[in-house]
file my_file-v1.txt (compact mmCIF, C-alpha atoms)
# COMPACT_ATOMS: atom_id res chain seq x y z
CA MET A 481 -62.25 12.20 -8.22
CA THR A 482 -63.04 13.40 -4.75
CA ALA A 483 -60.54 13.76 -1.95
CA GLN A 484 -62.27 10.82 -0.27
CA THR A 485 -61.67 8.57 -3.29
CA ALA A 486 -58.05 9.72 -3.45
CA TYR A 487 -57.73 8.77 0.22
CA GLU A 488 -59.30 5.34 -0.31
CA TRP A 489 -56.89 4.67 -3.19
CA GLY A 490 -53.93 5.55 -0.97
CA VAL A 491 -53.12 8.51 -3.18
CA VAL A 492 -53.27 10.98 -0.29
CA ALA A 493 -52.44 10.33 3.35
CA GLU A 494 -55.19 12.36 4.95
CA VAL A 495 -58.31 14.35 4.16
CA VAL A 496 -59.11 17.50 6.10
CA ARG A 497 -61.91 20.06 5.96
CA ASP A 498 -61.89 22.66 3.19
CA GLY A 499 -59.46 25.44 3.93
CA LYS A 500 -57.53 23.44 6.55
CA ALA A 501 -54.88 21.73 4.42
CA LEU A 502 -52.09 24.27 4.92
CA ALA A 503 -52.70 24.57 8.65
CA ARG A 504 -52.54 20.79 8.99
CA ALA A 505 -49.34 20.71 6.91
CA ARG A 506 -47.77 23.27 9.28
CA GLU A 507 -48.84 21.15 12.23
CA LEU A 508 -47.13 18.11 10.72
CA ALA A 509 -44.04 20.19 9.94
CA GLY A 510 -43.88 21.10 13.64
CA LEU A 511 -44.14 17.43 14.55
CA TYR A 512 -41.37 16.43 12.14
CA LEU A 513 -39.11 19.21 13.42
CA LYS A 514 -38.99 17.44 16.79
CA ALA A 515 -36.76 14.81 15.19
CA PRO A 516 -33.05 15.57 14.65
CA GLU A 517 -32.23 16.98 11.21
CA VAL A 518 -30.19 14.04 9.97
CA THR A 519 -33.03 11.69 10.97
CA ARG A 520 -35.54 13.86 9.10
CA ARG A 521 -33.43 14.04 5.94
CA ASN A 522 -32.62 10.35 5.90
CA THR A 523 -36.21 9.31 6.59
CA ARG A 524 -37.28 11.29 3.56
CA ALA A 525 -34.42 9.84 1.48
CA HIS A 526 -35.42 6.34 2.54
CA PHE A 527 -39.13 6.61 1.79
CA ILE A 528 -38.74 8.41 -1.52
CA GLN A 529 -36.20 5.91 -2.88
CA PRO A 530 -38.64 3.34 -4.37
CA LEU A 531 -40.64 6.10 -6.02
CA LYS A 532 -37.45 7.72 -7.35
CA GLU A 533 -36.48 4.44 -8.93
CA ARG A 534 -39.88 4.09 -10.58
CA ILE A 535 -39.71 7.66 -11.85
CA VAL A 536 -36.34 7.06 -13.49
CA ARG A 537 -37.55 3.83 -15.08
CA GLU A 538 -41.02 4.86 -16.17
CA VAL A 539 -41.41 8.60 -16.70
CA GLY A 540 -39.57 8.62 -20.05
CA HIS A 541 -41.94 6.00 -21.44
CA GLY A 542 -44.94 7.92 -20.15
CA LEU A 543 -43.77 11.16 -21.71
CA SER A 544 -43.15 9.43 -25.03
CA LEU A 545 -46.71 8.10 -24.99
CA GLU A 546 -47.97 11.54 -24.02
CA GLY A 547 -46.06 13.10 -26.90
CA ALA A 548 -47.62 10.68 -29.36
CA SER A 549 -51.06 11.48 -27.96
CA ALA A 550 -50.38 15.20 -28.24
CA ALA A 551 -49.35 14.81 -31.89
CA ASP A 552 -52.46 12.73 -32.53
CA LEU A 553 -54.62 15.43 -30.98
CA VAL A 554 -53.06 18.12 -33.16
CA LYS A 555 -53.60 15.90 -36.23
CA ALA A 556 -57.26 15.43 -35.29
CA MET A 557 -57.74 19.15 -34.83
CA GLN A 558 -56.18 19.85 -38.21
CA ALA A 559 -58.31 17.19 -39.93
CA LYS A 560 -61.43 18.76 -38.45
CA ALA A 561 -60.44 22.10 -39.97
CA GLN A 562 -60.13 20.70 -43.54
CA PRO A 563 -62.91 21.18 -46.14
CA ILE A 564 -65.25 18.14 -46.22
CA ALA A 565 -64.85 17.65 -50.01
CA GLU A 566 -61.21 16.66 -49.53
CA LYS A 567 -62.00 13.79 -47.19
CA GLY A 568 -63.22 10.26 -47.94
CA LYS A 569 -63.45 8.29 -51.20
CA VAL A 570 -65.48 9.28 -54.20
CA ALA A 571 -67.95 6.55 -55.13
CA MET B 985 -31.37 31.93 9.88
CA LYS B 986 -30.15 34.44 7.32
CA ALA B 987 -31.57 37.95 7.60
CA THR B 988 -32.27 38.37 3.89
CA GLN B 989 -34.10 35.80 1.80
CA PRO B 990 -32.26 33.94 -0.99
CA ASP B 991 -32.47 35.31 -4.53
CA TYR B 992 -34.30 32.28 -5.86
CA PHE B 993 -37.30 33.07 -3.60
CA THR B 994 -38.37 35.76 -6.09
CA THR B 995 -37.08 34.25 -9.34
CA TYR B 996 -40.10 32.20 -10.40
CA ARG B 997 -43.16 34.01 -11.61
CA SER B 998 -45.63 31.33 -10.54
CA LEU B 999 -44.09 30.39 -7.18
CA LYS B 1000 -44.32 32.42 -3.99
CA LEU B 1001 -41.69 31.17 -1.53
CA SER B 1002 -41.63 32.04 2.16
CA ARG B 1003 -39.73 30.50 5.04
CA ASP B 1004 -40.09 30.81 8.81
CA ALA B 1005 -37.42 30.82 11.49
CA GLN B 1006 -37.65 27.03 11.87
CA GLY B 1007 -36.83 26.54 8.17
CA VAL B 1008 -40.31 25.53 7.06
CA LEU B 1009 -40.49 26.61 3.41
CA VAL B 1010 -43.98 27.18 1.96
CA VAL B 1011 -44.18 27.11 -1.85
CA GLU B 1012 -47.41 28.61 -3.17
CA PHE B 1013 -48.30 27.95 -6.81
CA HIS B 1014 -50.14 30.98 -8.25
CA THR B 1015 -50.85 33.20 -11.22
CA LYS B 1016 -50.71 36.85 -10.17
CA GLY B 1017 -51.87 35.99 -6.67
CA GLY B 1018 -54.75 33.78 -7.80
CA PRO B 1019 -55.09 30.09 -8.77
CA LEU B 1020 -52.39 28.91 -11.16
CA THR B 1021 -52.98 28.56 -14.89
CA PHE B 1022 -49.99 26.46 -15.91
CA THR B 1023 -47.82 27.66 -18.83
CA ALA B 1024 -44.77 26.53 -20.77
CA GLN B 1025 -42.69 29.08 -18.85
CA ASP B 1026 -43.71 27.42 -15.58
CA HIS B 1027 -42.68 24.04 -16.97
CA THR B 1028 -39.21 25.47 -17.64
CA ASP B 1029 -39.04 27.35 -14.32
CA PHE B 1030 -39.99 24.40 -12.14
CA VAL B 1031 -36.94 22.37 -13.24
CA ASP B 1032 -34.73 25.02 -11.67
CA ALA B 1033 -37.02 25.88 -8.76
CA PHE B 1034 -37.16 22.35 -7.36
CA TYR B 1035 -33.42 21.98 -7.84
CA ARG B 1036 -32.67 25.22 -5.93
CA ILE B 1037 -35.11 24.28 -3.17
CA ALA B 1038 -33.40 20.91 -2.81
CA GLN B 1039 -29.94 22.46 -2.83
CA ASP B 1040 -30.64 24.98 -0.02
CA ARG B 1041 -29.97 23.29 3.30
CA GLU B 1042 -31.78 26.11 5.14
CA ASN B 1043 -35.02 24.52 3.92
CA LYS B 1044 -35.79 21.97 6.67
CA ILE B 1045 -39.36 21.10 5.65
CA VAL B 1046 -41.02 21.92 2.32
CA ILE B 1047 -44.75 22.48 1.98
CA LEU B 1048 -46.29 22.68 -1.50
CA THR B 1049 -49.65 24.36 -1.78
CA GLY B 1050 -51.82 26.36 -4.17
CA THR B 1051 -53.57 29.70 -3.97
CA GLY B 1052 -57.18 30.80 -3.69
CA GLY B 1053 -58.57 27.41 -2.70
CA GLU B 1054 -57.11 25.57 -5.71
CA PHE B 1055 -53.88 23.77 -6.55
CA ILE B 1056 -53.44 23.88 -10.35
CA PRO B 1057 -56.89 24.15 -11.91
CA GLY B 1058 -55.94 25.09 -15.44
CA ILE B 1059 -53.36 25.02 -18.22
CA ASP B 1060 -52.73 27.38 -21.17
CA PHE B 1061 -51.90 24.89 -23.93
CA ALA B 1062 -51.18 27.60 -26.50
CA THR B 1063 -48.04 28.61 -24.60
CA PHE B 1064 -46.46 25.25 -25.43
CA GLY B 1065 -46.61 25.87 -29.20
CA ASN B 1066 -47.06 23.04 -31.71
CA VAL B 1067 -46.77 19.92 -29.56
CA ALA B 1068 -46.87 17.72 -32.69
CA ASP B 1069 -43.44 19.10 -33.60
CA PRO B 1070 -40.77 16.71 -32.28
CA GLU B 1071 -38.47 19.60 -31.44
CA VAL B 1072 -41.21 21.21 -29.35
CA TRP B 1073 -42.06 17.98 -27.59
CA SER B 1074 -38.39 17.23 -26.94
CA GLN B 1075 -38.25 20.20 -24.58
CA VAL B 1076 -41.46 19.17 -22.83
CA HIS B 1077 -40.15 15.64 -22.46
CA ASP B 1078 -36.74 16.66 -21.12
CA GLU B 1079 -38.18 19.19 -18.67
CA GLY B 1080 -40.82 16.72 -17.53
CA VAL B 1081 -38.17 14.20 -16.59
CA GLN B 1082 -36.05 16.85 -14.86
CA ILE B 1083 -38.94 18.36 -12.87
CA LEU B 1084 -39.96 15.04 -11.41
CA GLU B 1085 -36.43 13.89 -10.68
CA ASN B 1086 -35.62 17.21 -9.03
CA LEU B 1087 -38.77 17.02 -6.90
CA ALA B 1088 -37.86 13.49 -5.85
CA ASN B 1089 -34.37 14.73 -5.02
CA ILE B 1090 -35.56 17.13 -2.33
CA ARG B 1091 -34.00 15.48 0.72
CA VAL B 1092 -36.14 16.93 3.49
CA PRO B 1093 -39.77 16.04 4.27
CA VAL B 1094 -42.14 17.44 1.65
CA ILE B 1095 -45.81 17.88 2.45
CA ALA B 1096 -48.45 18.73 -0.15
CA ALA B 1097 -51.36 20.75 1.24
CA ILE B 1098 -53.93 20.54 -1.52
CA GLU B 1099 -57.21 22.43 -1.75
CA GLY B 1100 -59.52 22.30 -4.72
CA HIS B 1101 -58.65 21.14 -8.21
CA VAL B 1102 -55.53 19.14 -9.12
CA ASN B 1103 -56.42 18.89 -12.81
CA VAL B 1104 -52.92 19.71 -14.02
CA HIS B 1105 -49.69 18.03 -12.91
CA SER B 1106 -51.16 16.10 -10.02
CA GLU B 1107 -47.81 14.33 -9.71
CA TYR B 1108 -46.35 17.50 -8.11
CA ALA B 1109 -48.87 16.99 -5.30
CA LEU B 1110 -48.30 13.27 -5.02
CA LEU B 1111 -44.51 13.01 -4.87
CA PRO B 1112 -44.45 14.52 -1.37
CA ARG B 1113 -44.23 11.91 1.35
CA ARG B 1114 -47.61 12.95 2.67
CA SER B 1115 -50.36 14.72 0.82
CA ARG B 1116 -53.21 16.34 2.62
CA LYS B 1117 -56.25 17.18 0.63
CA SER B 1118 -59.31 19.11 1.64
CA GLY B 1119 -62.57 17.28 1.23
CA GLY B 1120 -65.19 17.08 -1.46
CA VAL B 1121 -63.60 18.58 -4.56
CA SER B 1122 -62.56 17.11 -7.88
CA ALA B 1123 -59.20 15.94 -9.12
CA LYS B 1124 -57.96 13.88 -12.04
CA PRO B 1125 -56.63 10.39 -11.21
CA ALA B 1126 -53.05 10.36 -10.05
CA ALA B 1127 -50.18 9.99 -12.50
CA GLY B 1128 -48.05 7.93 -10.14
CA ASP B 1129 -48.57 5.80 -7.10
CA GLY B 1130 -48.93 7.46 -3.73
CA SER B 1131 -45.72 7.80 -1.84
CA ASP B 1132 -47.25 8.02 1.61
CA SER B 1133 -46.82 4.69 3.27
CA LEU B 1134 -46.76 5.72 6.93
call {"tool": "encode", "arguments": {"input": "my_file-v1.txt", "output": "structure tokens"}}
result
Amino acid sequence: MTAQTAYEWGVVAEVVRDGKALARARELAGLYLKAPEVTRRNTRAHFIQPLKERIVREVGHGLSLEGASAADLVKAMQAKAQPIAEKGKVA
Amino acid sequence: MKATQPDYFTTYRSLKLSRDAQGVLVVEFHTKGGPLTFTAQDHTDFVDAFYRIAQDRENKIVILTGTGGEFIPGIDFATFGNVADPEVWSQVHDEGVQILENLANIRVPVIAAIEGHVNVHSEYALLPRRSRKSGGVSAKPAAGDGSDSL
């Protein structure tokens, strides 16, 4: 997907011109540093909390599904490598 | 600010860490100074790297970014071994959980500055509170929901 689509989906907060992402990140860092440290830390802790909870609940399931898919892929690759005569039923 | 940099800054082969006097830590994902090709060793390293970054209170802001106009464009699957083997996948599974939990446990603002391709492990770019992406390049759909609500 393009950066623009990612932005429209709410996946990224901002789109900048090619090559400008790090400079913009540094600019934002400077902005955030104007707040006191405890405020900065606790703002981050607050906003990440819902996502942290979802990670703990859901990532294990996702990785289990991914593992099954990985095994299925390996199985498919091995089946492809077998001689054709061994596969299928004989009429 | 300490005169010498912490040991963990140079521990991880695929991460270049640098920090300025204000405590802004920049973490650059790379393979030998170019765009990162992700390996099993990286998967193991990142568990520890994100934990150490979170533990060090001298890091006041964390910026994640790639190298050479890309974030993580490629992966070397062969380095993971036989992923159909439950013992092999068990390590991938455990590390995967730990990497994401450790990233989420960084307790200072994290900003992802993303250029180019996010084909591999896009969730590392999306857990930061704000992600900034440069325009007009391709990425796979996100693994998780966006965390930037401001």
call {"tool": "closest_residue", "arguments": {"input": "my_file-v1.txt", "among": "B:Val1072, B:Pro1112, B:Glu1054, B:Leu1087", "to": "A:Gly499", "atoms": "all atoms listed in the file"}}
result
B:Glu1054
call {"tool": "axis_aligned_box", "arguments": {"input": "my_file-v1.txt", "around": "stretch 526-538 of chain A", "padding_each_side": "8 Å", "output": "JSON"}}
result
{"center_x": -38.2, "center_y": 5.9, "center_z": -6.8, "size_x": 21.6, "size_y": 21.1, "size_z": 34.7}
call {"tool": "closest_residue", "arguments": {"input": "my_file-v1.txt", "among": "A:Ala556, A:Met481, A:Val518, A:Leu511", "to": "chain B", "atoms": "only C-alpha atoms"}}
result
A:Met481
call {"tool": "atom_distance", "arguments": {"input": "my_file-v1.txt", "atom1": "atom CA of A:Ala493", "atom2": "atom CA of B:Gly1007"}}
result
23.0 Å
call {"tool": "interface_residues", "arguments": {"input": "my_file-v1.txt", "of": "chain A", "to": "chain B", "cutoff": "9 Å", "atoms": "only C-alpha atoms", "output": "ChimeraX atom specification"}}
result
/A:481-484,486-487,489-506,508-510,512-513,517,520-525,527-532,535-536,539-540,543-544,546-555
call {"tool": "atom_distance", "arguments": {"input": "my_file-v1.txt", "atom1": "atom CA of B:Phe1013", "atom2": "atom CA of B:Tyr1108"}}
result
10.7 Å
call {"tool": "atom_distance", "arguments": {"input": "my_file-v1.txt", "atom1": "atom CA of B:Phe1064", "atom2": "atom CA of B:Glu1079"}}
result
12.3 Å
call {"tool": "residues_around", "arguments": {"input": "my_file-v1.txt", "residues": "B:Leu1001", "least_positions_apart": "6", "cutoff": "9 Å", "atoms": "all atoms listed in the file", "output": "number ranges by chain"}}
result
B: 992-994, 1009-1012
call {"tool": "residues_around", "arguments": {"input": "my_file-v1.txt", "residues": "B:Arg997", "least_positions_apart": "5", "cutoff": "10 Å", "atoms": "all atoms listed in the file", "output": "list in words"}}
result
Phe1013, His1014, Thr1015, Lys1016, Gln1025, Asp1026 and Asp1029 of chain B
call {"tool": "residues_around", "arguments": {"input": "my_file-v1.txt", "residues": "B:Thr1063", "least_positions_apart": "2", "cutoff": "9 Å", "atoms": "only C-alpha atoms", "output": "ChimeraX atom specification"}}
result
/B:1023-1025,1060-1061,1065
call {"tool": "decode", "arguments": {"input": "my_file-v1.txt", "residues": "stretch 1074-1106 of chain B", "atoms": "N, CA and C atoms", "output": "CSV table (one decimal), in the first residue's frame"}}
result
chain,number,residue,atom,x,y,z
B,1074,SER,N,8.8,-22.7,18.0
B,1074,SER,CA,8.6,-22.2,19.4
B,1074,SER,C,9.5,-21.0,19.7
B,1075,GLN,N,10.7,-21.0,19.2
B,1075,GLN,CA,11.6,-19.9,19.4
B,1075,GLN,C,11.1,-18.6,18.7
B,1076,VAL,N,10.7,-18.8,17.5
B,1076,VAL,CA,10.1,-17.7,16.7
B,1076,VAL,C,8.9,-17.1,17.5
B,1077,HIS,N,8.1,-18.0,17.9
B,1077,HIS,CA,6.8,-17.6,18.6
B,1077,HIS,C,7.2,-16.8,19.9
B,1078,ASP,N,8.1,-17.4,20.7
B,1078,ASP,CA,8.4,-16.8,22.0
B,1078,ASP,C,9.1,-15.4,21.8
B,1079,GLU,N,10.0,-15.4,20.9
B,1079,GLU,CA,10.7,-14.1,20.6
B,1079,GLU,C,9.7,-13.0,20.0
B,1080,GLY,N,8.8,-13.5,19.2
B,1080,GLY,CA,7.9,-12.6,18.6
B,1080,GLY,C,7.0,-11.9,19.7
B,1081,VAL,N,6.6,-12.7,20.6
B,1081,VAL,CA,5.8,-12.1,21.8
B,1081,VAL,C,6.7,-11.1,22.5
B,1082,GLN,N,7.9,-11.5,22.8
B,1082,GLN,CA,8.8,-10.7,23.7
B,1082,GLN,C,9.2,-9.4,23.0
B,1083,ILE,N,9.5,-9.5,21.7
B,1083,ILE,CA,9.9,-8.3,20.9
B,1083,ILE,C,8.7,-7.2,21.0
B,1084,LEU,N,7.5,-7.7,20.7
B,1084,LEU,CA,6.4,-6.7,20.7
B,1084,LEU,C,6.1,-6.2,22.1
B,1085,GLU,N,6.1,-7.0,23.1
B,1085,GLU,CA,5.9,-6.6,24.5
B,1085,GLU,C,7.0,-5.6,24.9
B,1086,ASN,N,8.2,-5.9,24.6
B,1086,ASN,CA,9.3,-5.0,25.0
B,1086,ASN,C,9.2,-3.7,24.3
B,1087,LEU,N,8.8,-3.7,23.0
B,1087,LEU,CA,8.6,-2.4,22.3
B,1087,LEU,C,7.5,-1.6,22.9
B,1088,ALA,N,6.4,-2.3,23.3
B,1088,ALA,CA,5.3,-1.6,23.9
B,1088,ALA,C,5.7,-1.1,25.3
B,1089,ASN,N,6.7,-1.7,25.9
B,1089,ASN,CA,7.1,-1.3,27.2
B,1089,ASN,C,8.2,-0.2,27.3
B,1090,ILE,N,8.5,0.4,26.1
B,1090,ILE,CA,9.3,1.6,26.1
B,1090,ILE,C,8.4,2.7,26.6
B,1091,ARG,N,8.9,3.4,27.7
B,1091,ARG,CA,8.0,4.3,28.4
B,1091,ARG,C,8.4,5.8,28.2
B,1092,VAL,N,8.9,6.1,27.0
B,1092,VAL,CA,9.1,7.4,26.5
B,1092,VAL,C,8.5,7.5,25.1
B,1093,PRO,N,8.2,8.7,24.6
B,1093,PRO,CA,7.6,8.8,23.3
B,1093,PRO,C,8.5,8.1,22.2
B,1094,VAL,N,7.9,7.3,21.4
B,1094,VAL,CA,8.6,6.6,20.3
B,1094,VAL,C,8.0,7.1,19.0
B,1095,ILE,N,8.9,7.5,18.1
B,1095,ILE,CA,8.4,8.0,16.8
B,1095,ILE,C,9.1,7.1,15.7
B,1096,ALA,N,8.3,6.6,14.8
B,1096,ALA,CA,8.8,5.8,13.7
B,1096,ALA,C,8.9,6.8,12.4
B,1097,ALA,N,10.1,6.9,11.9
B,1097,ALA,CA,10.3,7.7,10.7
B,1097,ALA,C,10.6,6.7,9.6
B,1098,ILE,N,9.6,6.5,8.8
B,1098,ILE,CA,9.7,5.4,7.8
B,1098,ILE,C,9.8,5.9,6.4
B,1099,GLU,N,10.8,5.5,5.7
B,1099,GLU,CA,11.0,5.7,4.3
B,1099,GLU,C,10.9,4.4,3.6
B,1100,GLY,N,10.3,4.3,2.4
B,1100,GLY,CA,10.4,3.2,1.6
B,1100,GLY,C,9.6,2.0,2.0
B,1101,HIS,N,10.2,0.8,1.9
B,1101,HIS,CA,9.4,-0.4,2.0
B,1101,HIS,C,9.4,-0.9,3.5
B,1102,VAL,N,8.1,-1.3,3.9
B,1102,VAL,CA,7.9,-1.9,5.3
B,1102,VAL,C,7.4,-3.3,5.1
B,1103,ASN,N,8.0,-4.0,4.2
B,1103,ASN,CA,7.5,-5.4,3.8
B,1103,ASN,C,7.6,-6.4,5.0
B,1104,VAL,N,8.6,-6.2,5.8
B,1104,VAL,CA,8.9,-7.1,6.9
B,1104,VAL,C,8.7,-6.4,8.3
B,1105,HIS,N,7.9,-7.1,9.1
B,1105,HIS,CA,7.8,-6.6,10.5
B,1105,HIS,C,7.3,-5.1,10.5
B,1106,SER,N,6.2,-4.8,9.9
B,1106,SER,CA,5.6,-3.5,9.9
B,1106,SER,C,5.2,-3.1,11.3
